[in-house]
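Reading through the C-alpha cells given below for one structure.
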Number of protein chains: 2
Amino acid sequence: MSETQAAFDRKTKPRGSLGALEDVAVRIGALRGEAIPPVPRCALVVVAADHGVAAEGVSAYPQEVTAQMVANFAAGGAAINVLAREADARLVVVDAGVGAPTASIAHGPAMTRAAAEEHLAAGQAVAAEFAADGIGLIGIGEMGIGNTTAAAALCARLLDVEPAAVCGRGTGLDDAGVARKVGVVARALAVNDVDRGDPLGVLAALGGFEIARLVGVVLGCFAARVPVVLDGFITGSAALLAARIEPRSVAAMIASHRSPEPGHALALEALGLEPLLDLRLRLGEGSGAALALPIVRSALALLNEMASFDEAGVTDAGR
Amino acid sequence: MSETQAAFDRKTKPRGSLGALEDVAVRIGALRGEAIPPVPRCALVVVAADHGVAAEGVSAYPQEVTAQMVANFAAGGAAINVLAREADARLVVVDAGVGAPTASIAHGPAMTRAAAEEHLAAGQAVAAEFAADGIGLIGIGEMGIGNTTAAAALCARLLDVEPAAVCGRGTGLDDAGVARKVGVVARALAVNDVDRGDPLGVLAALGGFEIARLVGVVLGCFAARVPVVLDGFITGSAALLAARIEPRSVAAMIASHRSPEPGHALALEALGLEPLLDLRLRLGEGSGAALALPIVRSALALLNEMASFDEAGVTDAGR
C-alpha cells in the first residue's frame, strides 16, 4: 500500500469511503513522490488554433468562430472564464495558430514534422514555466473549429478503429454532417499513410497546432511531476499522443469527464483513465477540466487537513 | 422552453453543450420562479443523532462514535469541515439526539408521532432561517451510527421492496454483518406494521431523529424555494419521506452523488433524480453534497456571467 493510502486510512472516516477522491490523491502522491502532496494552486491552459479541414464542412460553426471565441476569452465572457473564476484557477489562453490554419488533413499532412516538434516543445515550456511558478495542478482545454475531426482522425489511426467509431456531432452536426465527417476522416487516413508506431508522424499528419501544443503541455507536466487534468475529446487525443511518445506520462493524467463524443470514451479506455465527472459536457475550452479542479484539490485538502483517529479521539473500528 | 433555457441558448456555446449544468440551472429557475437565479451563497446542514438499533450490531462502529464525530466536527477535523471550506459553504452541525438514541426499530417504533412532528418542524425552521439569512443553496448531511439500517427500513417500506434490496455494507460491514442487518430490517418491518400511505407514521416507526429533522429541512427548503442538495442514502431516505408528505418538494431537490448503498439508487430512481457525481463516496456527513455545491454554483455563474452571441460578436450557427 502507498504511504498516501496509509495516511488516508488513519483519517477519521471508514477505510476507502472517499472512493475516487482517495484514488486520485494516491495517484498524485505517486507522481510527485511524496506521501502528502500539498493543496495545489491551479491553472488552466487553453490553446486555440485553426484547422484547414474546417473548409470541408465538418463543423456546425464557420472557421471565423475560433478567432471570435479567443476574443471572447480575452474579454472574459466565455464559459471557461466563468469556470476558471469559480475554480480559483489562473487562466492562460495560448494562440497556436488562430487565423493561420493547418493544411487540410483531407488532402495531405496538417503540418511538417518540424512544426509539430516546435509546437510540442513550446507546450513543454509552458508546463515548465507554470511548475517553476509553483502551480501544482494544471487543467487543459482547447478552441479550434474543426478540431473534433482532427481528434477523430488521430484516434482512428492510433487506436486502429474505423472513422465511424470516433466521429460524433462535435458542436452540433446533424446526421448528414456526421456522415460527411466520417468521409473526411476516411480520406484523411487514406492520404496520410503514416504508421501508428510513429506518434510524432501521426501528430504532424493528422493533428492540429493546438493539439501539438497540448501534447507538449502534457509531456511537460509529466516531466515536472505536475498532475494534468484533461478535458474532452481533443485533449484526450493529445493525451493519447503523449502516452504513445512517453508511456509513463499517463501517471500525470487525470480524466475530468467523459464527453458524448464516441472517440473520447475509447481514448480514455486506452489510457486506462476513469473520469471524475459525467455531466454530458460537450463544450471543450477546458470546461470539464475546470469543473474537476475543485474535486482534485478537495481530495488533497482532505489528505492534508483531516484529523486522524488518534488526533480526534475517535474509535477506529477498522484498525 | 423555459426562460432559463432560452437565456442559456443565447450564451456563446453550442446549444445544450453544458449538459447537466444547464439542466440543474433550469430546475432552479423553475423552483425560484425567476429566469436567471443569482449565484447563491451556500450552507451545509449536518444533523447528528443516535439510534437504538445500533445495539443490534448493525454497524462496524460502536455507538459512541456518533458523539466522537460530532466533537470532531466542532474541532474542524472531519471530512465535512475540509469540504465545507473548499466549497466556501457555511457549515452548521445540529444535534438532534446524540447520546439520546431512538428506541430500537427492531422492537417497536423509533419515536412517537409527536416527536417526529417536532423534529420535522425544527428542521423546517432551520431551512427558513437560512433562507431569511440570504442562503440560496443548502446541502444536507448526517451522522448517526446505525442510520443506514434506519434508512434501509424506511426505503424498504416506502418502496415496497425486500430488505436485502436496500441493505449495504454501510461503514464497512462484512457479509455476515450485512446478513444480520437484513434480518434486523426484516424484524423492524414486521414489528412496525405501519402503512406506507402514512409517511409521518413510517418516519416515526422506522426513522431516526436526524432523519426526521432532515425531512423538515427538505420541506422547509421547498417552502422557501431554496434548492437543497442531497447527499447519500440517509438523506435520500429523508428526501423520499419529504416527497411522500409533499410530492411537489421534489422540485427543490438536487442529487449530488450515487453511493454504493443499493437502496440509494432505488431512492433516487423513485424520486426521478439523476446525480451529478458518481465518485464511489460512502462517508455521509454531507460529503457528496459539499462536493456538488461548486458544480451547482458554477451552473448558475455560467447563466449569470457568460456573454451572449450578440454581446460577444460571435457567429451563432445554431440560431
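Ligands are numbered from 1 in the order shown, residues from 1 within each chain, and chains are lettered A, B, ... in the order they appear in the C-alpha cells.
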
**chain A residues near chain B (6 Å cut-off, only C-alpha atoms) as a PyMOL selection string** = chain A and resi 14+17-20+61+68+72+77-79+171+279-283+306-307+312+314+317

Just the selected residues (all heavy atoms), exported as a compact mmCIF listing (two decimals), in the first residue's frame, please.
```txt
# COMPACT_ATOMS: atom_id res chain seq x y z
N PRO A 14 -14.44 5.81 7.54
CA PRO A 14 -14.26 4.40 7.20
C PRO A 14 -13.26 4.26 6.06
O PRO A 14 -13.22 5.10 5.15
CB PRO A 14 -15.67 3.96 6.77
CG PRO A 14 -16.60 4.92 7.47
CD PRO A 14 -15.85 6.23 7.50
N SER A 17 -13.76 5.15 2.16
CA SER A 17 -15.10 5.72 1.98
C SER A 17 -15.10 7.00 1.14
O SER A 17 -16.17 7.48 0.76
CB SER A 17 -15.75 6.00 3.34
OG SER A 17 -14.96 6.89 4.09
N LEU A 18 -13.91 7.55 0.85
CA LEU A 18 -13.87 8.72 -0.04
C LEU A 18 -13.65 8.31 -1.50
O LEU A 18 -13.40 9.16 -2.36
CB LEU A 18 -12.84 9.74 0.44
CG LEU A 18 -13.27 10.49 1.72
CD1 LEU A 18 -12.10 11.26 2.31
CD2 LEU A 18 -14.42 11.44 1.42
N GLY A 19 -13.73 7.01 -1.77
CA GLY A 19 -13.79 6.49 -3.13
C GLY A 19 -12.77 7.07 -4.09
O GLY A 19 -11.55 7.00 -3.86
N ALA A 20 -13.26 7.66 -5.17
CA ALA A 20 -12.39 8.18 -6.23
C ALA A 20 -11.50 9.31 -5.74
O ALA A 20 -10.44 9.55 -6.33
CB ALA A 20 -13.25 8.65 -7.41
N TYR A 61 -20.12 25.25 -37.09
CA TYR A 61 -19.75 26.66 -36.99
C TYR A 61 -18.69 27.02 -38.04
O TYR A 61 -17.84 26.19 -38.37
CB TYR A 61 -19.21 26.97 -35.59
CG TYR A 61 -20.29 27.02 -34.54
CD1 TYR A 61 -20.84 25.84 -34.02
CD2 TYR A 61 -20.78 28.23 -34.06
CE1 TYR A 61 -21.85 25.88 -33.07
CE2 TYR A 61 -21.79 28.28 -33.11
CZ TYR A 61 -22.32 27.11 -32.62
OH TYR A 61 -23.31 27.15 -31.68
N GLN A 68 -13.18 34.60 -33.01
CA GLN A 68 -14.22 35.30 -32.22
C GLN A 68 -14.23 34.80 -30.78
O GLN A 68 -14.39 35.57 -29.83
CB GLN A 68 -15.59 35.10 -32.86
CG GLN A 68 -15.74 35.82 -34.20
CD GLN A 68 -17.02 35.41 -34.93
OE1 GLN A 68 -17.70 34.46 -34.54
NE2 GLN A 68 -17.35 36.13 -36.00
N ASN A 72 -13.51 36.50 -27.17
CA ASN A 72 -14.44 36.32 -26.06
C ASN A 72 -13.69 35.88 -24.79
O ASN A 72 -13.98 36.37 -23.69
CB ASN A 72 -15.50 35.27 -26.46
CG ASN A 72 -16.75 35.28 -25.59
OD1 ASN A 72 -17.02 36.24 -24.87
ND2 ASN A 72 -17.50 34.19 -25.64
N GLY A 77 -15.86 36.68 -21.33
CA GLY A 77 -17.27 36.33 -21.45
C GLY A 77 -17.58 34.88 -21.76
O GLY A 77 -18.74 34.50 -21.87
N ALA A 78 -16.54 34.06 -21.90
CA ALA A 78 -16.78 32.66 -22.29
C ALA A 78 -16.99 31.78 -21.06
O ALA A 78 -16.69 32.17 -19.93
CB ALA A 78 -15.61 32.13 -23.11
N ALA A 79 -17.48 30.58 -21.31
CA ALA A 79 -17.72 29.63 -20.21
C ALA A 79 -16.45 29.40 -19.40
O ALA A 79 -16.48 29.37 -18.16
CB ALA A 79 -18.24 28.30 -20.76
N THR A 171 -19.78 20.19 -32.30
CA THR A 171 -20.57 21.31 -31.76
C THR A 171 -22.04 21.25 -32.14
O THR A 171 -22.81 22.14 -31.77
CB THR A 171 -20.00 22.65 -32.26
OG1 THR A 171 -19.82 22.55 -33.68
CG2 THR A 171 -18.66 22.95 -31.62
N LEU A 279 -21.10 14.65 -16.93
CA LEU A 279 -22.14 15.68 -16.92
C LEU A 279 -22.67 15.98 -18.32
O LEU A 279 -23.33 16.98 -18.53
CB LEU A 279 -21.61 16.96 -16.28
CG LEU A 279 -21.16 16.85 -14.82
CD1 LEU A 279 -20.43 18.12 -14.38
CD2 LEU A 279 -22.35 16.60 -13.91
N ARG A 280 -22.37 15.10 -19.28
CA ARG A 280 -22.79 15.30 -20.68
C ARG A 280 -22.29 16.64 -21.25
O ARG A 280 -22.97 17.27 -22.05
CB ARG A 280 -24.33 15.21 -20.78
CG ARG A 280 -24.88 13.84 -20.47
CD ARG A 280 -26.41 13.81 -20.46
NE ARG A 280 -26.95 14.22 -19.18
CZ ARG A 280 -27.67 15.30 -18.98
NH1 ARG A 280 -27.99 16.10 -19.99
NH2 ARG A 280 -28.11 15.61 -17.77
N LEU A 281 -21.10 17.05 -20.82
CA LEU A 281 -20.50 18.28 -21.35
C LEU A 281 -19.95 18.00 -22.74
O LEU A 281 -19.35 16.96 -22.99
CB LEU A 281 -19.33 18.71 -20.46
CG LEU A 281 -19.62 18.95 -18.98
CD1 LEU A 281 -18.31 19.22 -18.24
CD2 LEU A 281 -20.57 20.13 -18.80
N ARG A 282 -20.14 18.95 -23.65
CA ARG A 282 -19.54 18.83 -24.99
C ARG A 282 -19.16 20.20 -25.52
O ARG A 282 -19.34 20.51 -26.68
CB ARG A 282 -20.47 18.08 -25.96
CG ARG A 282 -21.88 18.58 -25.98
CD ARG A 282 -22.76 17.75 -26.91
NE ARG A 282 -24.12 18.26 -26.88
CZ ARG A 282 -24.55 19.31 -27.58
NH1 ARG A 282 -23.72 19.96 -28.37
NH2 ARG A 282 -25.79 19.71 -27.48
N LEU A 283 -18.59 21.00 -24.64
CA LEU A 283 -18.23 22.37 -24.99
C LEU A 283 -16.75 22.50 -25.33
O LEU A 283 -16.36 23.26 -26.20
CB LEU A 283 -18.58 23.31 -23.83
CG LEU A 283 -18.13 24.76 -23.99
CD1 LEU A 283 -18.74 25.38 -25.25
CD2 LEU A 283 -18.50 25.58 -22.77
N MET A 306 -7.64 16.68 7.23
CA MET A 306 -8.48 15.88 8.13
C MET A 306 -7.68 15.41 9.35
O MET A 306 -6.48 15.12 9.25
CB MET A 306 -9.04 14.64 7.41
CG MET A 306 -10.28 14.89 6.58
SD MET A 306 -10.88 13.33 5.86
CE MET A 306 -11.62 12.54 7.33
N ALA A 307 -8.38 15.28 10.48
CA ALA A 307 -7.76 14.72 11.68
C ALA A 307 -7.67 13.20 11.56
O ALA A 307 -8.49 12.57 10.88
CB ALA A 307 -8.59 15.10 12.90
N ALA A 312 -8.18 12.88 16.87
CA ALA A 312 -9.54 13.30 17.21
C ALA A 312 -10.15 12.48 18.34
O ALA A 312 -11.24 12.80 18.81
CB ALA A 312 -10.43 13.21 15.97
N VAL A 314 -11.29 9.43 18.11
CA VAL A 314 -12.43 8.68 17.57
C VAL A 314 -12.04 7.20 17.51
O VAL A 314 -10.93 6.86 17.09
CB VAL A 314 -12.82 9.21 16.17
CG1 VAL A 314 -13.91 8.34 15.55
CG2 VAL A 314 -13.28 10.66 16.25
N ALA A 317 -12.79 1.44 14.34
CA ALA A 317 -13.24 0.05 14.26
C ALA A 317 -12.55 -0.70 13.14
O ALA A 317 -12.50 -1.93 13.14
CB ALA A 317 -14.76 0.01 14.04
```

**Item:** Neighbour list for Met253 of chain A as an MDAnalysis selection string, cut-off 12 Å, only C-alpha atoms, skip fewer than 2 positions in-chain
**Value:** chainID A and resid 24 27:28 31 137:140 215 217:223 225:231 235:236 238:240 242:243 247:251 255:256 268 271:275 289 296

**Item:** segment 49-235 of chain A: residues DSSP assigns to helix (DSSP H, G or I), reported as a ChimeraX atom specification
**Value:** /A:52-56,64-75,79-86,113-132,147-159,163-165,175-191,199-206,209-223,233-235

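Coordinates place atom CA of Arg258 of chain B at a distance of 26.9 Å from atom CA of Gly52 of chain B.
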
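The gap separating atom CA of Thr4 of chain B from atom CA of Ala30 of chain B is 8.1 Å, in Å to one decimal.
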
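Residues with any atom within 10 Å of His119 of chain B, counting only C-alpha atoms and excluding same-chain neighbours fewer than 4 positions away, are Ala96, Ala114, Ala115, Gly123, Gln124, Ala125, Gly208, Phe209, Glu210, Ile211, Ala212, Arg213, Leu214, Val215, Gly216 and Val217 of chain B.
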
**Message:** I want to know what sits within 10 Å of Val202 of chain A, based on only C-alpha atoms, with residues of the same chain fewer than 6 positions away left out; could you give that as a PyMOL selection string?
**Reply:** chain A and resi 109-110+113+116+153-155+157-158+189+192-196+241

Output all heavy atoms for every residue in the selection just made, as a short mmCIF file (atom, residue, chain, number, x, y, z; two decimals), in the first residue's frame.
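Output saved as part33.cif:
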```cif
data_model
loop_
_atom_site.label_atom_id
_atom_site.label_comp_id
_atom_site.auth_asym_id
_atom_site.auth_seq_id
_atom_site.Cartn_x
_atom_site.Cartn_y
_atom_site.Cartn_z
N PRO A 109 -0.67 16.07 -45.21
CA PRO A 109 -0.35 16.27 -43.79
C PRO A 109 -0.78 17.66 -43.30
O PRO A 109 -0.71 18.64 -44.04
CB PRO A 109 1.16 16.10 -43.72
CG PRO A 109 1.66 16.26 -45.12
CD PRO A 109 0.54 15.88 -46.04
N ALA A 110 -1.20 17.74 -42.04
CA ALA A 110 -1.62 19.01 -41.44
C ALA A 110 -0.46 19.98 -41.34
O ALA A 110 -0.62 21.18 -41.56
CB ALA A 110 -2.22 18.76 -40.05
N ARG A 113 6.75 17.81 -39.90
CA ARG A 113 7.25 17.19 -38.67
C ARG A 113 7.97 18.24 -37.80
O ARG A 113 7.85 18.24 -36.58
CB ARG A 113 8.20 16.08 -39.07
CG ARG A 113 8.48 15.09 -37.98
CD ARG A 113 9.36 13.96 -38.51
NE ARG A 113 9.62 13.03 -37.46
CZ ARG A 113 8.96 11.88 -37.28
NH1 ARG A 113 8.01 11.53 -38.10
NH2 ARG A 113 9.26 11.09 -36.25
N ALA A 116 5.46 20.31 -35.94
CA ALA A 116 4.91 19.54 -34.81
C ALA A 116 5.89 19.56 -33.64
O ALA A 116 5.50 19.75 -32.49
CB ALA A 116 4.61 18.11 -35.25
N ALA A 153 -9.51 11.70 -36.44
CA ALA A 153 -8.52 11.08 -37.32
C ALA A 153 -7.35 10.53 -36.51
O ALA A 153 -6.87 9.42 -36.74
CB ALA A 153 -8.03 12.11 -38.35
N LEU A 154 -6.88 11.31 -35.53
CA LEU A 154 -5.78 10.86 -34.67
C LEU A 154 -6.16 9.58 -33.93
O LEU A 154 -5.38 8.62 -33.89
CB LEU A 154 -5.42 11.95 -33.66
CG LEU A 154 -4.72 13.19 -34.21
CD1 LEU A 154 -4.72 14.31 -33.17
CD2 LEU A 154 -3.29 12.84 -34.62
N CYS A 155 -7.35 9.57 -33.34
CA CYS A 155 -7.75 8.40 -32.54
C CYS A 155 -8.00 7.18 -33.42
O CYS A 155 -7.66 6.06 -33.04
CB CYS A 155 -8.99 8.73 -31.70
SG CYS A 155 -8.60 9.85 -30.34
N ARG A 157 -6.48 6.45 -36.16
CA ARG A 157 -5.17 5.89 -36.52
C ARG A 157 -4.49 5.25 -35.31
O ARG A 157 -4.04 4.10 -35.37
CB ARG A 157 -4.29 7.00 -37.13
CG ARG A 157 -2.86 6.63 -37.47
CD ARG A 157 -2.71 5.44 -38.43
NE ARG A 157 -3.56 5.41 -39.59
CZ ARG A 157 -3.29 5.98 -40.77
NH1 ARG A 157 -2.17 6.64 -40.94
NH2 ARG A 157 -4.15 5.88 -41.77
N LEU A 158 -4.45 5.97 -34.19
CA LEU A 158 -3.70 5.46 -33.02
C LEU A 158 -4.37 4.22 -32.42
O LEU A 158 -3.70 3.32 -31.92
CB LEU A 158 -3.57 6.54 -31.95
CG LEU A 158 -2.69 7.75 -32.31
CD1 LEU A 158 -2.80 8.82 -31.22
CD2 LEU A 158 -1.23 7.33 -32.50
N LEU A 189 -7.23 9.59 -43.47
CA LEU A 189 -6.44 8.39 -43.13
C LEU A 189 -5.83 7.78 -44.39
O LEU A 189 -4.70 7.26 -44.35
CB LEU A 189 -7.33 7.37 -42.43
CG LEU A 189 -7.85 7.79 -41.04
CD1 LEU A 189 -8.92 6.82 -40.55
CD2 LEU A 189 -6.71 7.89 -40.03
N ASN A 192 -2.94 10.15 -45.69
CA ASN A 192 -1.84 10.27 -44.73
C ASN A 192 -1.52 8.89 -44.18
O ASN A 192 -1.96 8.50 -43.11
CB ASN A 192 -2.24 11.21 -43.58
CG ASN A 192 -2.34 12.66 -44.02
OD1 ASN A 192 -1.32 13.30 -44.25
ND2 ASN A 192 -3.57 13.14 -44.15
N ASP A 193 -0.74 8.14 -44.94
CA ASP A 193 -0.50 6.75 -44.62
C ASP A 193 0.69 6.61 -43.66
O ASP A 193 1.68 5.93 -43.95
CB ASP A 193 -0.25 5.96 -45.91
CG ASP A 193 -0.20 4.46 -45.64
OD1 ASP A 193 -0.78 4.03 -44.62
OD2 ASP A 193 0.45 3.75 -46.44
N VAL A 194 0.56 7.25 -42.49
CA VAL A 194 1.67 7.24 -41.55
C VAL A 194 1.44 6.15 -40.49
O VAL A 194 0.30 5.89 -40.10
CB VAL A 194 1.84 8.64 -40.89
CG1 VAL A 194 0.56 9.07 -40.20
CG2 VAL A 194 3.02 8.68 -39.96
N ASP A 195 2.52 5.52 -40.09
CA ASP A 195 2.47 4.36 -39.19
C ASP A 195 2.12 4.79 -37.76
O ASP A 195 2.66 5.77 -37.25
CB ASP A 195 3.82 3.64 -39.20
CG ASP A 195 3.75 2.32 -38.50
OD1 ASP A 195 3.80 2.31 -37.24
OD2 ASP A 195 3.64 1.29 -39.19
N ARG A 196 1.24 4.04 -37.11
CA ARG A 196 0.85 4.40 -35.74
C ARG A 196 1.98 4.21 -34.74
O ARG A 196 1.92 4.73 -33.62
CB ARG A 196 -0.39 3.62 -35.29
CG ARG A 196 -0.20 2.15 -34.96
CD ARG A 196 -1.51 1.51 -34.53
NE ARG A 196 -2.51 1.71 -35.55
CZ ARG A 196 -2.68 0.91 -36.60
NH1 ARG A 196 -1.93 -0.18 -36.75
NH2 ARG A 196 -3.59 1.15 -37.49
N LEU A 241 -1.60 10.81 -27.72
CA LEU A 241 -0.32 11.01 -28.40
C LEU A 241 0.82 11.10 -27.39
O LEU A 241 1.89 10.50 -27.59
CB LEU A 241 -0.37 12.29 -29.24
CG LEU A 241 -1.09 12.16 -30.59
CD1 LEU A 241 -1.50 13.51 -31.11
CD2 LEU A 241 -0.19 11.43 -31.60
#
```

**Asked** Could you pull the residues within 9 Å of segment 103-105 of chain B, counting only C-alpha atoms, minus those fewer than 2 positions along the same chain, as a list of chain:residue names?
**Response** B:His51, B:Gly52, B:Val53, B:Ala54, B:Ala55, B:Glu56, B:Pro101, B:His107, B:Gly108, B:Pro109, B:Ala110, B:Met111, B:Ala150, B:Ala153, B:Val184, B:Val185, B:Arg187, B:Ala188, B:Leu189, B:Val191, B:Asn192, B:Ala205, B:Leu206, B:Gly207

May I have the selected residues written with all heavy atoms, as a short mmCIF file (atom, residue, chain, number, x, y, z; two decimals), in the first residue's frame?
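The resulting file, result-v3.cif, is shown below:
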```
data_model
loop_
_atom_site.label_atom_id
_atom_site.label_comp_id
_atom_site.auth_asym_id
_atom_site.auth_seq_id
_atom_site.Cartn_x
_atom_site.Cartn_y
_atom_site.Cartn_z
N HIS B 51 -29.10 6.04 17.39
CA HIS B 51 -30.14 5.08 17.01
C HIS B 51 -30.11 3.88 17.95
O HIS B 51 -29.07 3.23 18.07
CB HIS B 51 -29.90 4.59 15.58
CG HIS B 51 -30.15 5.65 14.55
ND1 HIS B 51 -31.27 5.68 13.77
CD2 HIS B 51 -29.44 6.75 14.23
CE1 HIS B 51 -31.23 6.75 12.98
NE2 HIS B 51 -30.11 7.42 13.24
N GLY B 52 -31.25 3.57 18.56
CA GLY B 52 -31.33 2.40 19.41
C GLY B 52 -30.96 1.12 18.67
O GLY B 52 -30.40 0.18 19.26
N VAL B 53 -31.22 1.10 17.37
CA VAL B 53 -30.96 -0.12 16.60
C VAL B 53 -29.46 -0.43 16.52
O VAL B 53 -29.07 -1.55 16.17
CB VAL B 53 -31.59 -0.01 15.19
CG1 VAL B 53 -30.77 0.90 14.28
CG2 VAL B 53 -31.78 -1.39 14.55
N ALA B 54 -28.61 0.54 16.86
CA ALA B 54 -27.17 0.29 16.87
C ALA B 54 -26.82 -0.86 17.82
O ALA B 54 -25.82 -1.56 17.62
CB ALA B 54 -26.40 1.55 17.25
N ALA B 55 -27.66 -1.06 18.84
CA ALA B 55 -27.42 -2.14 19.80
C ALA B 55 -27.58 -3.53 19.18
O ALA B 55 -27.15 -4.53 19.77
CB ALA B 55 -28.38 -1.99 20.99
N GLU B 56 -28.18 -3.60 18.00
CA GLU B 56 -28.37 -4.90 17.34
C GLU B 56 -27.14 -5.33 16.54
O GLU B 56 -27.20 -6.33 15.81
CB GLU B 56 -29.59 -4.86 16.39
CG GLU B 56 -30.83 -4.14 16.91
CD GLU B 56 -31.56 -4.94 18.00
OE1 GLU B 56 -31.39 -6.17 18.05
OE2 GLU B 56 -32.28 -4.31 18.82
N PRO B 101 -30.51 8.10 22.17
CA PRO B 101 -30.97 7.41 20.96
C PRO B 101 -32.48 7.20 20.91
O PRO B 101 -33.17 7.22 21.94
CB PRO B 101 -30.25 6.05 21.03
CG PRO B 101 -29.83 5.88 22.45
CD PRO B 101 -29.64 7.26 23.01
N HIS B 107 -37.63 -3.56 17.78
CA HIS B 107 -38.57 -3.98 18.83
C HIS B 107 -39.85 -3.15 18.86
O HIS B 107 -40.80 -3.50 19.56
CB HIS B 107 -37.88 -3.89 20.19
CG HIS B 107 -36.61 -4.69 20.25
ND1 HIS B 107 -36.59 -6.06 20.09
CD2 HIS B 107 -35.31 -4.31 20.37
CE1 HIS B 107 -35.34 -6.49 20.15
NE2 HIS B 107 -34.55 -5.45 20.31
N GLY B 108 -39.89 -2.04 18.14
CA GLY B 108 -41.09 -1.19 18.14
C GLY B 108 -40.77 0.11 17.43
O GLY B 108 -39.73 0.23 16.78
N PRO B 109 -41.64 1.09 17.55
CA PRO B 109 -41.40 2.36 16.85
C PRO B 109 -40.18 3.09 17.40
O PRO B 109 -39.90 3.06 18.60
CB PRO B 109 -42.69 3.15 17.09
CG PRO B 109 -43.36 2.51 18.25
CD PRO B 109 -42.93 1.08 18.29
N ALA B 110 -39.48 3.77 16.50
CA ALA B 110 -38.29 4.53 16.89
C ALA B 110 -38.65 5.67 17.82
O ALA B 110 -37.93 5.98 18.76
CB ALA B 110 -37.59 5.06 15.64
N MET B 111 -39.77 6.32 17.55
CA MET B 111 -40.16 7.51 18.32
C MET B 111 -41.68 7.66 18.22
O MET B 111 -42.33 6.98 17.41
CB MET B 111 -39.48 8.77 17.75
CG MET B 111 -39.93 9.15 16.35
SD MET B 111 -38.92 10.47 15.56
CE MET B 111 -37.63 9.49 14.77
N ALA B 150 -31.72 2.28 9.59
CA ALA B 150 -32.99 3.01 9.60
C ALA B 150 -33.39 3.41 8.18
O ALA B 150 -34.55 3.25 7.77
CB ALA B 150 -32.86 4.26 10.48
N ALA B 153 -34.71 0.43 6.35
CA ALA B 153 -36.08 0.07 6.76
C ALA B 153 -37.09 1.04 6.15
O ALA B 153 -38.14 0.63 5.65
CB ALA B 153 -36.18 0.07 8.29
N VAL B 184 -32.35 -7.72 10.82
CA VAL B 184 -32.85 -6.66 11.71
C VAL B 184 -33.89 -5.81 10.99
O VAL B 184 -34.94 -5.47 11.57
CB VAL B 184 -31.68 -5.79 12.22
CG1 VAL B 184 -32.19 -4.54 12.90
CG2 VAL B 184 -30.79 -6.59 13.17
N VAL B 185 -33.64 -5.48 9.73
CA VAL B 185 -34.61 -4.68 8.96
C VAL B 185 -35.91 -5.48 8.78
O VAL B 185 -37.01 -4.92 8.91
CB VAL B 185 -34.01 -4.24 7.60
CG1 VAL B 185 -35.09 -3.63 6.70
CG2 VAL B 185 -32.88 -3.24 7.82
N ARG B 187 -37.12 -7.71 10.80
CA ARG B 187 -37.83 -7.65 12.09
C ARG B 187 -38.48 -6.29 12.30
O ARG B 187 -39.62 -6.18 12.76
CB ARG B 187 -36.86 -7.94 13.24
CG ARG B 187 -36.92 -9.39 13.72
CD ARG B 187 -36.14 -9.57 15.01
NE ARG B 187 -34.71 -9.42 14.76
CZ ARG B 187 -33.83 -8.96 15.64
NH1 ARG B 187 -34.25 -8.56 16.83
NH2 ARG B 187 -32.55 -8.87 15.32
N ALA B 188 -37.74 -5.23 11.95
CA ALA B 188 -38.27 -3.86 12.13
C ALA B 188 -39.55 -3.67 11.31
O ALA B 188 -40.51 -3.05 11.78
CB ALA B 188 -37.21 -2.84 11.72
N LEU B 189 -39.54 -4.21 10.10
CA LEU B 189 -40.73 -4.09 9.24
C LEU B 189 -41.89 -4.92 9.80
O LEU B 189 -43.05 -4.51 9.71
CB LEU B 189 -40.40 -4.54 7.81
CG LEU B 189 -39.38 -3.65 7.07
CD1 LEU B 189 -38.94 -4.33 5.76
CD2 LEU B 189 -39.97 -2.27 6.78
N VAL B 191 -42.42 -5.79 13.09
CA VAL B 191 -42.98 -5.27 14.35
C VAL B 191 -43.59 -3.87 14.18
O VAL B 191 -44.36 -3.43 15.02
CB VAL B 191 -41.93 -5.24 15.50
CG1 VAL B 191 -41.39 -6.65 15.77
CG2 VAL B 191 -40.83 -4.26 15.25
N ASN B 192 -43.22 -3.18 13.09
CA ASN B 192 -43.78 -1.83 12.84
C ASN B 192 -44.66 -1.89 11.60
O ASN B 192 -44.24 -1.54 10.50
CB ASN B 192 -42.65 -0.82 12.65
CG ASN B 192 -41.89 -0.53 13.92
OD1 ASN B 192 -42.39 0.15 14.81
ND2 ASN B 192 -40.68 -1.06 14.02
N ALA B 205 -42.03 5.36 13.02
CA ALA B 205 -41.81 3.95 13.34
C ALA B 205 -40.39 3.50 13.01
O ALA B 205 -39.76 2.78 13.78
CB ALA B 205 -42.82 3.10 12.57
N LEU B 206 -39.88 3.91 11.85
CA LEU B 206 -38.66 3.30 11.32
C LEU B 206 -37.50 4.29 11.16
O LEU B 206 -36.39 3.88 10.81
CB LEU B 206 -38.95 2.66 9.95
CG LEU B 206 -40.01 1.55 9.96
CD1 LEU B 206 -40.42 1.20 8.53
CD2 LEU B 206 -39.48 0.30 10.67
N GLY B 207 -37.74 5.57 11.42
CA GLY B 207 -36.72 6.59 11.13
C GLY B 207 -35.76 6.82 12.29
O GLY B 207 -35.47 5.93 13.09
#
```
